[in-house]
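What follows is a set of notes on a single structure, which appears directly below.
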Amino acid sequence: MQGAPELVGTRGWTRARALRTAAAAGVAMGAGAALGRRLDAGAAAGPSAGQDAEILASFLQLEQLQDQFYKAVLRTGRLGGALRQLARTVGPQESEHVRMLAERVGDRARPALRPHFDAALRTQPDALRAAIALEELTIAAYIGQGANLTHDAVVDVARIVSVEARQAAWLRDLAGEVPAPRAADPAREPDRVLDALRVRGLIA
């Protein structure tokens with residue numbers, strides 16, 4: 001029916017409700033990163049353009065991995081329905097995140113991570129679990145390093161993180177999980193994020 005809310009998951013959430021919930025979380029993440037930077041300014045050397053490039057290069061690797069994942073979802077014939085619809089929407093957003101970060105990183109970019117998605121793409125539940133892990137680990141990396149960025153970089157990163165939060169909420173709802181399960185999301189160091197991706201078999 002025209003004008004009716006679009007149900008996106010199995011718990012009766014509408015897309016609008018799920019995304020509004022995640023939007024608030026994303027804005028809070030960006031603001032928290034900026035606040036952390038101000039509070040820690042006197043404790044260590046301040047943020048710099050060079051440090052921005054190093055941190056954003058690690059974010060770029062994660063966004064590239066997400067971009068590759070959603071392209072792989074669309075290539076396989078085993079996955080359809082709501083997940084395929086999500087990939088068609090979210091995939092181009094990840095491609096845009098890659099472009100935005102690549103412009104800032106320039107020649108400081110690192111080699112792309114080597115994806116290992118075979119097991120993750122076997123079934124719809126496998127793909128949903130993998131996508132949630134990719135989104136939430138990426139968000140954890142942003143939170144973990146946001147306080148070490150300059151103000152200009154924080155502004156750009158906050159714009160990306162709020163979208164990542166919406167994506168994670170949408171995925172969790174498709175999986176029948178609460179879209180916003182925590183009052184505050186955890187932070188992770190880049191190396192810990194890579195370790196977690198390897199443990200989950202998502203990178204070689």
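Please note that chains go A, B, ... in the order of the structure tokens, that every chain numbers its residues from 1, and that ligands are numbered from 1 in the order shown.
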Problem - Exercise: Leu86 of chain A partners within 10 Å, only C-alpha atoms, chain neighbours under 4 positions left out, as JSON, numbers by chain - result: {"A": [8, 70, 73, 74, 80, 81, 82, 90, 91, 167, 170, 171, 174]}
Generate a file of the selected residues that holds N, CA and C atoms, formatted as a PDB file, in the first residue's frame.
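New file selection-v8.pdb:
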```pdb
ATOM      1  N   VAL A   8      11.528  -4.270   7.061  1.00  0.00           N
ATOM      2  CA  VAL A   8      12.804  -4.734   6.535  1.00  0.00           C
ATOM      3  C   VAL A   8      13.334  -5.952   7.262  1.00  0.00           C
ATOM      4  N   TYR A  70      30.081  -6.547  -0.550  1.00  0.00           N
ATOM      5  CA  TYR A  70      28.750  -6.337  -1.126  1.00  0.00           C
ATOM      6  C   TYR A  70      28.744  -6.610  -2.629  1.00  0.00           C
ATOM      7  N   VAL A  73      28.375 -10.316  -2.803  1.00  0.00           N
ATOM      8  CA  VAL A  73      26.988 -10.718  -2.543  1.00  0.00           C
ATOM      9  C   VAL A  73      26.169 -10.620  -3.824  1.00  0.00           C
ATOM     10  N   LEU A  74      26.357  -9.538  -4.571  1.00  0.00           N
ATOM     11  CA  LEU A  74      25.586  -9.334  -5.794  1.00  0.00           C
ATOM     12  C   LEU A  74      26.013 -10.283  -6.910  1.00  0.00           C
ATOM     13  N   GLY A  80      19.629 -13.823  -2.236  1.00  0.00           N
ATOM     14  CA  GLY A  80      18.640 -12.949  -2.854  1.00  0.00           C
ATOM     15  C   GLY A  80      17.802 -12.256  -1.808  1.00  0.00           C
ATOM     16  N   GLY A  81      16.609 -11.856  -2.211  1.00  0.00           N
ATOM     17  CA  GLY A  81      15.668 -11.257  -1.280  1.00  0.00           C
ATOM     18  C   GLY A  81      16.158  -9.958  -0.671  1.00  0.00           C
ATOM     19  N   ALA A  82      15.842  -9.802   0.625  1.00  0.00           N
ATOM     20  CA  ALA A  82      16.137  -8.549   1.317  1.00  0.00           C
ATOM     21  C   ALA A  82      17.635  -8.276   1.395  1.00  0.00           C
ATOM     22  N   VAL A  90      23.557  -0.508  -0.143  1.00  0.00           N
ATOM     23  CA  VAL A  90      24.725  -0.249   0.692  1.00  0.00           C
ATOM     24  C   VAL A  90      26.020  -0.304  -0.116  1.00  0.00           C
ATOM     25  N   GLY A  91      26.095  -1.188  -1.105  1.00  0.00           N
ATOM     26  CA  GLY A  91      27.317  -1.316  -1.890  1.00  0.00           C
ATOM     27  C   GLY A  91      27.801   0.004  -2.470  1.00  0.00           C
ATOM     28  N   GLN A 167      23.735   1.242   8.407  1.00  0.00           N
ATOM     29  CA  GLN A 167      23.900  -0.027   7.699  1.00  0.00           C
ATOM     30  C   GLN A 167      23.896  -1.204   8.677  1.00  0.00           C
ATOM     31  N   TRP A 170      20.377  -1.888   9.936  1.00  0.00           N
ATOM     32  CA  TRP A 170      19.572  -2.540   8.906  1.00  0.00           C
ATOM     33  C   TRP A 170      19.904  -4.038   8.841  1.00  0.00           C
ATOM     34  N   LEU A 171      21.191  -4.352   8.843  1.00  0.00           N
ATOM     35  CA  LEU A 171      21.628  -5.752   8.796  1.00  0.00           C
ATOM     36  C   LEU A 171      21.162  -6.527  10.021  1.00  0.00           C
ATOM     37  N   LEU A 174      17.537  -7.366   9.695  1.00  0.00           N
ATOM     38  CA  LEU A 174      17.323  -8.464   8.751  1.00  0.00           C
ATOM     39  C   LEU A 174      17.640  -9.810   9.403  1.00  0.00           C
TER      40      LEU A 174
END
```
Practice task
Mind checking which residues fall within 7 Å of segment 93-95 of chain A, counting only C-alpha atoms, ignoring those fewer than 5 positions away in the same chain, and posting them as a list of chain:residue names?
Solution key: A:Glu63, A:Gln66, A:Asp67
Deliver the residues from the most recent selection as a file, using N, CA and C atoms, as a PDB file, in the first residue's frame.
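Below you can see out_23.pdb, which holds the result:
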```pdb
ATOM      1  N   GLU A  63      37.011  -0.075   4.462  1.00  0.00           N
ATOM      2  CA  GLU A  63      35.941   0.292   3.533  1.00  0.00           C
ATOM      3  C   GLU A  63      36.089  -0.466   2.210  1.00  0.00           C
ATOM      4  N   GLN A  66      34.656  -3.915   2.784  1.00  0.00           N
ATOM      5  CA  GLN A  66      33.189  -3.888   2.756  1.00  0.00           C
ATOM      6  C   GLN A  66      32.678  -3.762   1.328  1.00  0.00           C
ATOM      7  N   ASP A  67      33.299  -2.876   0.564  1.00  0.00           N
ATOM      8  CA  ASP A  67      32.914  -2.682  -0.826  1.00  0.00           C
ATOM      9  C   ASP A  67      33.023  -4.001  -1.597  1.00  0.00           C
TER      10      ASP A  67
END
```
Problem - Pick from A:Pro181, A:Pro111, A:Gly176, A:Gly106 nearest to Asp52 of chain A, counting only C-alpha atoms - result: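 Using only C-alpha atoms, the shortest distance to Asp52 of chain A belongs to A:Gly106.
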Test item: residues at most 12 Å from Ile203 of chain A, only C-alpha atoms, excluding those fewer than 2 positions along its chain, as a short mmCIF file (atom, residue, chain, number, x, y, z; two decimals) with C-alpha atoms, in the first residue's frame:
```
data_model
loop_
_atom_site.label_atom_id
_atom_site.label_comp_id
_atom_site.auth_asym_id
_atom_site.auth_seq_id
_atom_site.Cartn_x
_atom_site.Cartn_y
_atom_site.Cartn_z
CA GLN A 61 41.35 -0.79 3.88
CA LEU A 62 38.22 -1.63 5.88
CA GLN A 64 37.53 -1.46 0.55
CA LEU A 65 36.84 -4.81 2.21
CA GLN A 66 33.19 -3.89 2.76
CA GLN A 68 34.31 -6.01 -2.05
CA PHE A 69 31.93 -7.95 0.17
CA ALA A 112 44.03 -3.70 -0.03
CA LEU A 113 43.25 -6.48 2.41
CA ARG A 114 42.88 -9.91 0.80
CA PRO A 115 39.23 -10.97 1.19
CA HIS A 116 38.25 -14.54 1.99
CA PHE A 117 34.48 -14.65 1.60
CA ASP A 118 33.86 -18.26 0.51
CA ALA A 119 32.36 -19.44 3.81
CA ALA A 120 30.63 -16.11 4.40
CA ALA A 130 29.65 -11.67 8.05
CA LEU A 134 32.33 -6.19 8.88
CA VAL A 193 40.22 -5.28 14.10
CA LEU A 194 42.41 -7.13 11.60
CA ASP A 195 42.86 -9.99 14.07
CA ALA A 196 39.09 -10.25 14.49
CA LEU A 197 38.56 -10.30 10.73
CA ARG A 198 41.09 -13.14 10.42
CA VAL A 199 39.47 -15.10 13.23
CA ARG A 200 36.15 -14.81 11.41
CA GLY A 201 37.79 -16.01 8.21
#
```
